[in-house]
>>> print(open('model05.txt').read())   # compact mmCIF, N, CA and C atoms and all ligand atoms
# COMPACT_ATOMS: atom_id res chain seq x y z
N MET G 851 0.83 -1.21 0.00
CA MET G 851 0.00 0.00 0.00
C MET G 851 0.86 1.26 0.00
N VAL G 852 2.09 1.09 0.41
CA VAL G 852 2.98 2.25 0.40
C VAL G 852 3.20 2.74 -1.03
N GLU G 853 3.29 1.76 -1.93
CA GLU G 853 3.49 2.14 -3.33
C GLU G 853 2.31 2.92 -3.87
N ALA G 854 1.10 2.46 -3.52
CA ALA G 854 -0.10 3.16 -3.99
C ALA G 854 -0.14 4.58 -3.44
N GLU G 855 0.26 4.75 -2.19
CA GLU G 855 0.28 6.10 -1.63
C GLU G 855 1.30 6.98 -2.34
N ALA G 856 2.44 6.38 -2.61
CA ALA G 856 3.47 7.15 -3.30
C ALA G 856 2.96 7.58 -4.67
N GLU G 857 2.24 6.68 -5.31
CA GLU G 857 1.68 6.99 -6.62
C GLU G 857 0.70 8.15 -6.53
N THR G 858 -0.16 8.08 -5.51
CA THR G 858 -1.13 9.16 -5.30
C THR G 858 -0.41 10.48 -5.04
N ASP G 859 0.59 10.42 -4.21
CA ASP G 859 1.38 11.62 -3.94
C ASP G 859 1.96 12.18 -5.21
N HIS G 860 2.45 11.27 -6.03
CA HIS G 860 3.07 11.73 -7.26
C HIS G 860 2.06 12.41 -8.17
N GLU G 861 0.86 11.81 -8.24
CA GLU G 861 -0.18 12.42 -9.07
C GLU G 861 -0.58 13.77 -8.52
N GLN G 862 -0.69 13.83 -7.19
CA GLN G 862 -1.03 15.11 -6.58
C GLN G 862 0.04 16.16 -6.93
N ALA G 863 1.28 15.72 -6.83
CA ALA G 863 2.38 16.63 -7.12
C ALA G 863 2.32 17.12 -8.56
N GLN G 864 2.06 16.19 -9.48
CA GLN G 864 1.96 16.57 -10.88
C GLN G 864 0.83 17.57 -11.09
N GLY G 865 -0.31 17.26 -10.46
CA GLY G 865 -1.48 18.12 -10.63
C GLY G 865 -1.26 19.52 -10.10
N GLU G 866 -0.47 19.62 -9.06
CA GLU G 866 -0.22 20.92 -8.46
C GLU G 866 0.95 21.64 -9.10
N GLY G 867 1.64 20.97 -9.96
CA GLY G 867 2.83 21.57 -10.55
C GLY G 867 4.06 21.37 -9.69
N ALA G 868 3.95 20.51 -8.67
CA ALA G 868 5.09 20.28 -7.79
C ALA G 868 5.93 19.12 -8.31
N ASP G 869 6.46 19.31 -9.50
CA ASP G 869 7.26 18.26 -10.10
C ASP G 869 8.61 18.83 -10.53
N ALA G 870 9.13 19.72 -9.69
CA ALA G 870 10.40 20.37 -10.01
C ALA G 870 11.56 19.42 -9.77
N PRO G 871 12.67 19.64 -10.45
CA PRO G 871 13.84 18.82 -10.18
C PRO G 871 14.36 19.07 -8.76
N ALA G 872 14.81 18.00 -8.11
CA ALA G 872 15.33 18.13 -6.75
C ALA G 872 16.78 18.61 -6.81
N PRO G 873 17.26 19.24 -5.74
CA PRO G 873 18.68 19.56 -5.67
C PRO G 873 19.50 18.28 -5.81
N PRO G 874 20.70 18.30 -6.35
CA PRO G 874 21.45 19.52 -6.70
C PRO G 874 21.14 20.06 -8.10
N ALA G 875 20.13 19.55 -8.77
CA ALA G 875 19.77 20.13 -10.07
C ALA G 875 19.39 21.60 -9.87
N PRO G 876 19.70 22.44 -10.83
CA PRO G 876 19.36 23.85 -10.67
C PRO G 876 17.85 24.05 -10.65
N PRO G 877 17.37 25.08 -9.93
CA PRO G 877 15.92 25.31 -9.80
C PRO G 877 15.32 25.99 -11.02
N VAL G 878 15.47 25.36 -12.16
CA VAL G 878 14.95 25.97 -13.38
C VAL G 878 13.74 25.19 -13.88
N CYS G 879 12.85 25.92 -14.52
CA CYS G 879 11.67 25.31 -15.12
C CYS G 879 12.12 24.47 -16.32
N GLN G 880 11.62 23.24 -16.37
CA GLN G 880 12.05 22.36 -17.45
C GLN G 880 11.42 22.74 -18.77
N ALA G 881 10.37 23.53 -18.72
CA ALA G 881 9.72 23.96 -19.97
C ALA G 881 10.39 25.20 -20.55
N CYS G 882 10.56 26.25 -19.73
CA CYS G 882 11.07 27.51 -20.26
C CYS G 882 12.52 27.75 -19.90
N GLY G 883 13.07 26.98 -18.96
CA GLY G 883 14.48 27.09 -18.63
C GLY G 883 14.84 28.26 -17.74
N ARG G 884 13.84 28.98 -17.23
CA ARG G 884 14.13 30.12 -16.39
C ARG G 884 14.13 29.72 -14.92
N GLU G 885 14.99 30.42 -14.16
CA GLU G 885 15.15 30.08 -12.76
C GLU G 885 13.95 30.56 -11.94
N GLN G 886 13.53 29.72 -10.99
CA GLN G 886 12.38 30.04 -10.15
C GLN G 886 12.77 29.86 -8.69
N ASP G 887 11.82 30.15 -7.80
CA ASP G 887 12.02 29.88 -6.38
C ASP G 887 11.58 28.44 -6.10
N ARG G 888 12.51 27.64 -5.61
CA ARG G 888 12.20 26.22 -5.38
C ARG G 888 12.04 25.94 -3.89
N PHE G 889 10.98 25.18 -3.56
CA PHE G 889 10.74 24.80 -2.17
C PHE G 889 10.36 23.33 -2.12
N PRO G 890 10.71 22.66 -1.01
CA PRO G 890 10.21 21.29 -0.82
C PRO G 890 8.74 21.34 -0.40
N THR G 891 8.00 20.30 -0.78
CA THR G 891 6.63 20.17 -0.31
C THR G 891 6.60 19.07 0.75
N GLY G 892 5.46 18.88 1.36
CA GLY G 892 5.36 17.91 2.45
C GLY G 892 5.40 16.47 1.99
N TYR G 893 5.40 16.23 0.71
CA TYR G 893 5.33 14.84 0.25
C TYR G 893 6.49 14.51 -0.70
N ARG G 894 7.66 14.94 -0.28
CA ARG G 894 8.90 14.56 -0.94
C ARG G 894 8.96 14.98 -2.40
N HIS G 895 8.32 16.09 -2.71
CA HIS G 895 8.46 16.66 -4.03
C HIS G 895 8.95 18.09 -3.88
N TRP G 896 9.29 18.66 -5.00
CA TRP G 896 9.75 20.04 -5.01
C TRP G 896 8.86 20.82 -5.95
N ILE G 897 8.65 22.08 -5.57
CA ILE G 897 7.81 22.91 -6.42
C ILE G 897 8.54 24.20 -6.76
N LEU G 898 8.29 24.67 -7.97
CA LEU G 898 8.81 25.96 -8.38
C LEU G 898 7.72 27.00 -8.22
N LEU G 899 7.98 28.00 -7.38
CA LEU G 899 7.02 29.09 -7.21
C LEU G 899 7.52 30.30 -7.98
N GLU G 900 6.56 31.05 -8.47
CA GLU G 900 6.89 32.22 -9.27
C GLU G 900 7.59 33.26 -8.39
N PRO G 901 8.78 33.70 -8.75
CA PRO G 901 9.49 34.66 -7.90
C PRO G 901 8.78 36.01 -7.84
N ARG G 902 8.87 36.65 -6.70
CA ARG G 902 8.42 38.04 -6.50
C ARG G 902 6.92 38.23 -6.67
N ILE G 903 6.15 37.16 -6.76
CA ILE G 903 4.70 37.30 -6.88
C ILE G 903 4.07 36.80 -5.59
N ASP G 904 3.46 37.71 -4.83
CA ASP G 904 2.75 37.27 -3.63
C ASP G 904 1.42 38.00 -3.52
N PRO G 905 0.44 37.51 -4.26
CA PRO G 905 -0.87 38.18 -4.29
C PRO G 905 -1.66 37.94 -3.01
N ALA G 906 -2.70 38.74 -2.82
CA ALA G 906 -3.62 38.54 -1.70
C ALA G 906 -4.24 37.15 -1.83
N ALA G 907 -4.21 36.41 -0.73
CA ALA G 907 -4.60 35.00 -0.80
C ALA G 907 -6.07 34.82 -1.14
N HIS G 908 -6.92 35.79 -0.72
CA HIS G 908 -8.35 35.58 -0.95
C HIS G 908 -8.71 35.67 -2.43
N GLY G 909 -7.82 36.25 -3.24
CA GLY G 909 -8.10 36.33 -4.68
C GLY G 909 -7.61 35.13 -5.46
N ILE G 910 -6.99 34.20 -4.78
CA ILE G 910 -6.41 33.04 -5.46
C ILE G 910 -7.28 31.82 -5.14
N PRO G 911 -7.68 31.07 -6.17
CA PRO G 911 -8.55 29.92 -5.90
C PRO G 911 -7.85 28.85 -5.09
N GLU G 912 -8.65 28.14 -4.31
CA GLU G 912 -8.13 27.03 -3.54
C GLU G 912 -7.47 26.03 -4.48
N GLY G 913 -6.36 25.49 -4.04
CA GLY G 913 -5.61 24.57 -4.88
C GLY G 913 -4.46 25.26 -5.59
N GLN G 914 -4.53 26.60 -5.68
CA GLN G 914 -3.47 27.38 -6.31
C GLN G 914 -2.71 28.23 -5.29
N ARG G 915 -3.15 28.16 -4.03
CA ARG G 915 -2.53 28.99 -3.00
C ARG G 915 -1.37 28.23 -2.37
N TRP G 916 -0.20 28.77 -2.49
CA TRP G 916 0.98 28.17 -1.87
C TRP G 916 1.50 29.10 -0.79
N VAL G 917 1.78 28.48 0.35
CA VAL G 917 2.29 29.25 1.48
C VAL G 917 3.59 28.59 1.93
N VAL G 918 4.62 29.39 2.07
CA VAL G 918 5.89 28.87 2.55
C VAL G 918 5.97 29.09 4.05
N GLY G 919 6.07 28.00 4.77
CA GLY G 919 6.08 28.08 6.23
C GLY G 919 7.44 28.45 6.78
N GLY G 920 7.48 28.60 8.09
CA GLY G 920 8.72 28.95 8.75
C GLY G 920 9.80 27.88 8.61
N ASP G 921 9.35 26.65 8.33
CA ASP G 921 10.30 25.56 8.15
C ASP G 921 10.82 25.48 6.71
N GLY G 922 10.39 26.43 5.87
CA GLY G 922 10.86 26.45 4.50
C GLY G 922 10.12 25.49 3.58
N MET G 923 9.04 24.89 4.09
CA MET G 923 8.27 23.97 3.27
C MET G 923 7.10 24.71 2.63
N ALA G 924 6.85 24.39 1.37
CA ALA G 924 5.71 24.98 0.69
C ALA G 924 4.48 24.10 0.90
N VAL G 925 3.38 24.74 1.25
CA VAL G 925 2.13 24.03 1.51
C VAL G 925 1.06 24.56 0.58
N ASN G 926 0.34 23.64 -0.06
CA ASN G 926 -0.82 24.03 -0.84
C ASN G 926 -1.96 24.26 0.15
N TRP G 927 -2.28 25.53 0.36
CA TRP G 927 -3.13 25.95 1.48
C TRP G 927 -4.60 25.66 1.18
N VAL G 928 -5.17 24.77 1.96
CA VAL G 928 -6.59 24.43 1.78
C VAL G 928 -7.30 24.63 3.11
N GLY G 929 -8.39 25.36 3.08
CA GLY G 929 -9.20 25.55 4.27
C GLY G 929 -8.47 26.37 5.32
N GLY G 930 -9.02 26.34 6.51
CA GLY G 930 -8.39 27.07 7.61
C GLY G 930 -8.45 28.56 7.40
N ARG G 931 -7.69 29.26 8.19
CA ARG G 931 -7.69 30.71 8.12
C ARG G 931 -6.67 31.15 7.07
N LEU G 932 -7.13 31.95 6.14
CA LEU G 932 -6.25 32.35 5.04
C LEU G 932 -5.17 33.30 5.53
N PRO G 933 -3.96 33.10 5.06
CA PRO G 933 -2.91 34.10 5.31
C PRO G 933 -3.20 35.33 4.44
N PRO G 934 -2.60 36.49 4.75
CA PRO G 934 -2.89 37.68 3.93
C PRO G 934 -2.44 37.53 2.49
N THR G 935 -1.28 36.94 2.30
CA THR G 935 -0.79 36.77 0.94
C THR G 935 -0.35 35.33 0.76
N CYS G 936 -0.17 34.96 -0.49
CA CYS G 936 0.31 33.61 -0.76
C CYS G 936 1.23 33.67 -1.98
N ARG G 937 1.69 32.52 -2.39
CA ARG G 937 2.52 32.43 -3.59
C ARG G 937 1.76 31.59 -4.61
N ILE G 938 2.17 31.70 -5.86
CA ILE G 938 1.57 30.86 -6.88
C ILE G 938 2.67 30.04 -7.55
N ALA G 939 2.29 28.86 -8.01
CA ALA G 939 3.24 27.99 -8.68
C ALA G 939 3.64 28.60 -10.02
N HIS G 940 4.83 28.24 -10.46
CA HIS G 940 5.28 28.77 -11.75
C HIS G 940 4.54 28.13 -12.91
N ARG G 941 4.24 26.84 -12.78
CA ARG G 941 3.79 26.12 -13.96
C ARG G 941 2.56 26.71 -14.65
N PRO G 942 1.50 27.07 -13.90
CA PRO G 942 0.34 27.62 -14.63
C PRO G 942 0.64 28.94 -15.33
N VAL G 943 1.69 29.66 -14.89
CA VAL G 943 1.99 30.95 -15.49
C VAL G 943 3.26 30.91 -16.33
N CYS G 944 3.79 29.70 -16.53
CA CYS G 944 4.98 29.56 -17.38
C CYS G 944 4.63 30.01 -18.79
N GLY G 945 5.55 30.74 -19.41
CA GLY G 945 5.31 31.23 -20.77
C GLY G 945 5.14 30.12 -21.79
N ARG G 946 5.57 28.92 -21.42
CA ARG G 946 5.40 27.77 -22.32
C ARG G 946 4.12 27.00 -22.04
N SER G 947 3.42 27.38 -20.97
CA SER G 947 2.15 26.73 -20.67
C SER G 947 1.05 27.39 -21.49
N PRO G 948 -0.07 26.67 -21.70
CA PRO G 948 -1.19 27.33 -22.36
C PRO G 948 -1.72 28.48 -21.53
N ARG G 949 -2.30 29.46 -22.19
CA ARG G 949 -2.82 30.63 -21.50
C ARG G 949 -3.83 30.19 -20.43
N PRO G 950 -3.63 30.62 -19.18
CA PRO G 950 -4.50 30.14 -18.09
C PRO G 950 -5.83 30.87 -18.07
N GLU G 951 -6.66 30.59 -19.05
CA GLU G 951 -7.93 31.30 -19.22
C GLU G 951 -8.85 31.16 -18.01
N HIS G 952 -8.77 29.99 -17.36
CA HIS G 952 -9.72 29.69 -16.30
C HIS G 952 -9.30 30.26 -14.96
N LEU G 953 -8.13 30.89 -14.90
CA LEU G 953 -7.62 31.38 -13.62
C LEU G 953 -7.78 32.90 -13.53
N PRO G 954 -7.71 33.44 -12.30
CA PRO G 954 -7.92 34.88 -12.12
C PRO G 954 -6.89 35.72 -12.87
N ARG G 955 -7.21 37.00 -12.92
CA ARG G 955 -6.44 37.95 -13.71
C ARG G 955 -4.95 37.94 -13.37
N ILE G 956 -4.61 37.77 -12.09
CA ILE G 956 -3.20 37.80 -11.70
C ILE G 956 -2.41 36.74 -12.45
N PHE G 957 -3.02 35.56 -12.64
CA PHE G 957 -2.33 34.50 -13.36
C PHE G 957 -2.11 34.90 -14.82
N LEU G 958 -3.16 35.50 -15.40
CA LEU G 958 -3.05 35.92 -16.80
C LEU G 958 -1.96 36.98 -16.95
N ALA G 959 -1.92 37.90 -15.97
CA ALA G 959 -0.93 38.98 -16.05
C ALA G 959 0.49 38.43 -15.99
N VAL G 960 0.72 37.50 -15.05
CA VAL G 960 2.07 36.93 -14.91
C VAL G 960 2.39 36.08 -16.13
N TRP G 961 1.39 35.35 -16.60
CA TRP G 961 1.61 34.53 -17.80
C TRP G 961 1.99 35.41 -18.99
N GLU G 962 1.28 36.54 -19.16
CA GLU G 962 1.59 37.44 -20.27
C GLU G 962 3.04 37.92 -20.19
N LEU G 963 3.45 38.26 -18.95
CA LEU G 963 4.81 38.73 -18.75
C LEU G 963 5.81 37.64 -19.13
N ASN G 964 5.58 36.43 -18.64
CA ASN G 964 6.50 35.34 -18.93
C ASN G 964 6.49 35.01 -20.42
N ALA G 965 5.32 35.05 -21.03
CA ALA G 965 5.24 34.76 -22.46
C ALA G 965 5.99 35.81 -23.26
N SER G 966 5.99 37.06 -22.76
CA SER G 966 6.70 38.11 -23.48
C SER G 966 8.21 37.88 -23.38
N TYR G 967 8.68 37.37 -22.24
CA TYR G 967 10.10 37.00 -22.14
C TYR G 967 10.42 35.92 -23.17
N GLU G 968 9.53 34.95 -23.27
CA GLU G 968 9.74 33.86 -24.22
C GLU G 968 9.87 34.41 -25.63
N ARG G 969 8.98 35.33 -25.99
CA ARG G 969 9.03 35.89 -27.34
C ARG G 969 10.34 36.64 -27.56
N ARG G 970 10.76 37.38 -26.51
CA ARG G 970 11.99 38.16 -26.64
C ARG G 970 13.19 37.23 -26.86
N ILE G 971 13.26 36.17 -26.05
CA ILE G 971 14.36 35.23 -26.19
C ILE G 971 14.33 34.60 -27.57
N TYR G 972 13.14 34.24 -27.99
CA TYR G 972 12.99 33.60 -29.29
C TYR G 972 13.45 34.54 -30.40
N GLN G 973 13.05 35.81 -30.28
CA GLN G 973 13.44 36.76 -31.32
C GLN G 973 14.94 36.98 -31.34
N GLN G 974 15.56 37.03 -30.15
CA GLN G 974 17.00 37.22 -30.10
C GLN G 974 17.71 36.04 -30.76
N ASP G 975 17.19 34.85 -30.51
CA ASP G 975 17.79 33.67 -31.12
C ASP G 975 17.64 33.69 -32.63
N ALA G 976 16.46 34.05 -33.06
CA ALA G 976 16.16 33.93 -34.49
C ALA G 976 16.77 35.08 -35.28
N LEU G 977 16.77 36.29 -34.71
CA LEU G 977 17.22 37.46 -35.45
C LEU G 977 18.32 38.17 -34.66
N PRO G 978 19.55 37.72 -34.82
CA PRO G 978 20.61 38.29 -33.98
C PRO G 978 20.97 39.73 -34.35
N PHE G 979 20.87 40.12 -35.60
CA PHE G 979 21.32 41.45 -35.99
C PHE G 979 20.20 42.24 -36.67
N THR G 980 19.28 42.72 -35.88
CA THR G 980 18.17 43.44 -36.48
C THR G 980 18.02 44.81 -35.84
N SER G 981 19.16 45.44 -35.51
CA SER G 981 19.06 46.74 -34.85
C SER G 981 18.50 47.80 -35.80
N GLU G 982 18.69 47.61 -37.12
CA GLU G 982 18.18 48.60 -38.06
C GLU G 982 16.68 48.43 -38.28
N ALA G 983 16.26 47.18 -38.41
CA ALA G 983 14.85 46.93 -38.67
C ALA G 983 14.04 47.07 -37.40
N GLU G 984 13.13 47.98 -37.38
CA GLU G 984 12.25 48.13 -36.22
C GLU G 984 11.21 47.02 -36.24
N THR G 985 11.19 46.28 -35.19
CA THR G 985 10.24 45.17 -35.13
C THR G 985 9.19 45.42 -34.05
N SER G 986 8.78 46.67 -33.93
CA SER G 986 7.77 46.96 -32.92
C SER G 986 6.41 46.49 -33.40
N GLY G 987 5.71 45.88 -32.51
CA GLY G 987 4.40 45.34 -32.87
C GLY G 987 4.54 44.02 -33.57
N GLY G 988 4.78 44.04 -34.84
CA GLY G 988 4.92 42.80 -35.57
C GLY G 988 3.60 42.36 -36.16
N PRO G 989 3.69 41.69 -37.29
CA PRO G 989 2.45 41.28 -37.97
C PRO G 989 1.74 40.12 -37.29
N GLY G 990 2.47 39.34 -36.53
CA GLY G 990 1.87 38.12 -35.99
C GLY G 990 1.18 38.29 -34.66
N THR G 991 1.12 39.53 -34.16
CA THR G 991 0.53 39.70 -32.83
C THR G 991 -0.98 39.61 -32.90
N GLN G 992 -1.49 38.64 -32.24
CA GLN G 992 -2.95 38.48 -32.19
C GLN G 992 -3.45 39.18 -30.95
N SER G 993 -4.41 40.04 -31.13
CA SER G 993 -4.99 40.70 -29.98
C SER G 993 -6.28 39.99 -29.60
N SER G 994 -6.19 39.30 -28.48
CA SER G 994 -7.39 38.63 -28.01
C SER G 994 -8.00 39.45 -26.89
N PRO G 995 -9.30 39.55 -26.89
CA PRO G 995 -9.93 40.37 -25.83
C PRO G 995 -9.71 39.78 -24.47
N ALA G 996 -9.04 40.55 -23.61
CA ALA G 996 -8.73 40.04 -22.27
C ALA G 996 -9.84 40.46 -21.33
N ARG G 997 -10.88 39.72 -21.32
CA ARG G 997 -12.02 40.09 -20.48
C ARG G 997 -12.27 39.03 -19.43
N ASP G 998 -12.68 39.47 -18.31
CA ASP G 998 -13.07 38.55 -17.25
C ASP G 998 -14.56 38.30 -17.34
N PRO G 999 -14.92 37.05 -17.48
CA PRO G 999 -16.37 36.80 -17.42
C PRO G 999 -16.90 37.06 -16.02
N GLY G 1000 -17.83 37.93 -15.93
CA GLY G 1000 -18.43 38.18 -14.62
C GLY G 1000 -17.91 39.42 -14.02
ZN ZN V 1101 8.58 27.85 -17.12
>>> encode(input="model05.txt", output="structure tokens", more="lines below")
Ligand SMILES: [Zn+2]
Amino acid sequence: MVEAEAETDHEQAQGEGADAPAPPAPPVCQACGREQDRFPTGYRHWILLEPRIDPAAHGIPEGQRWVVGGDGMAVNWVGGRLPPTCRIAHRPVCGRSPRPEHLPRIFLAVWELNASYERRIYQQDALPFTSEAETSGGPGTQSSPARDPG
């Protein structure tokens, strides 16, 4: 039964985005390669939390609220008394992840920022010497209406 529990833990970890590489591997996202804040979770996994983002906890849906305790462990905060602020996992807002349409605006905002880094890196790779050509805007930019239902 220990194996079954470990399997469940692993699935939980995957679902929460707590599938970061353990030390001594660098704390980088395996999708976008950018460094994140890495913390251990209570079930022998590691999670990458988005650096410098600590929104008000009441605006973050349950299951997405991460709180780093005094022991340095990250906890997916469910129930109980909400802390004033929390952290969010990197994975839902990774620039390589699909746009988090179903999540609150803060996730979309961070995702947009990360996706813009991705585009910048991609452009630098693809077009190393384009200082003369102004590439502001660009033909491929799709403007999707960023509206919150409700
Ligand atoms: Zn990433």
>>> residues_near_ligand(input="model05.txt", ligand="ligand ZN 1101 (chain V)", cutoff="9 Å", atoms="only C-alpha atoms and all ligand atoms", output="VMD selection string")
chain G and resid 878 to 886 898 940 to 947 964
>>> residues_around(input="model05.txt", residues="Asp887 of chain G", least_positions_apart="3", cutoff="6 Å", atoms="only N, CA and C atoms", output="ChimeraX atom specification")
/G:897-901
>>> atom_distance(input="model05.txt", atom1="atom CA of Arg949 of chain G", atom2="atom C of Gln862 of chain G")
20.7 Å
>>> select_by_dssp(input="model05.txt", residues="segment 859-990 of chain G", states="alpha helix (DSSP H)", output="ChimeraX atom specification")
/G:859-866,955-976
>>> atom_distance(input="model05.txt", atom1="atom N of Gly867 of chain G", atom2="atom CA of Arg969 of chain G")
24.1 Å
>>> atom_distance(input="model05.txt", atom1="atom CA of Phe889 of chain G", atom2="atom N of Ala870 of chain G")
9.2 Å
>>> closest_residue(input="model05.txt", among="G:Ser966, G:Phe957, G:Pro874, G:Ala868", to="Arg894 of chain G", atoms="all atoms listed in the file")
G:Ala868
>>> closest_residue(input="model05.txt", among="G:Glu912, G:Glu866, G:Glu861, G:Asp904", to="Leu932 of chain G", atoms="only C-alpha atoms")
G:Glu912
>>> select_by_dssp(input="model05.txt", residues="segment 886-951 of chain G", states="strand (DSSP E)", output="JSON, numbers by chain")
{"G": [887, 888, 889, 890, 896, 897, 898, 899, 916, 917, 918, 924, 925, 926]}
>>> residues_around(input="model05.txt", residues="His908 of chain G", least_positions_apart="6", cutoff="7 Å", atoms="only N, CA and C atoms", output="list in words")
Leu932, Pro933, Pro934, Thr935 and Cys936 of chain G
>>> write_last_selection(input="model05.txt", atoms="N, CA and C atoms", output="CSV table (one decimal), in the frame of the given file")
chain,number,residue,atom,x,y,z
G,932,LEU,N,-7.1,32.0,6.1
G,932,LEU,CA,-6.2,32.4,5.0
G,932,LEU,C,-5.2,33.3,5.5
G,933,PRO,N,-4.0,33.1,5.1
G,933,PRO,CA,-2.9,34.1,5.3
G,933,PRO,C,-3.2,35.3,4.4
G,934,PRO,N,-2.6,36.5,4.8
G,934,PRO,CA,-2.9,37.7,3.9
G,934,PRO,C,-2.4,37.5,2.5
G,935,THR,N,-1.3,36.9,2.3
G,935,THR,CA,-0.8,36.8,0.9
G,935,THR,C,-0.4,35.3,0.8
G,936,CYS,N,-0.2,35.0,-0.5
G,936,CYS,CA,0.3,33.6,-0.8
G,936,CYS,C,1.2,33.7,-2.0
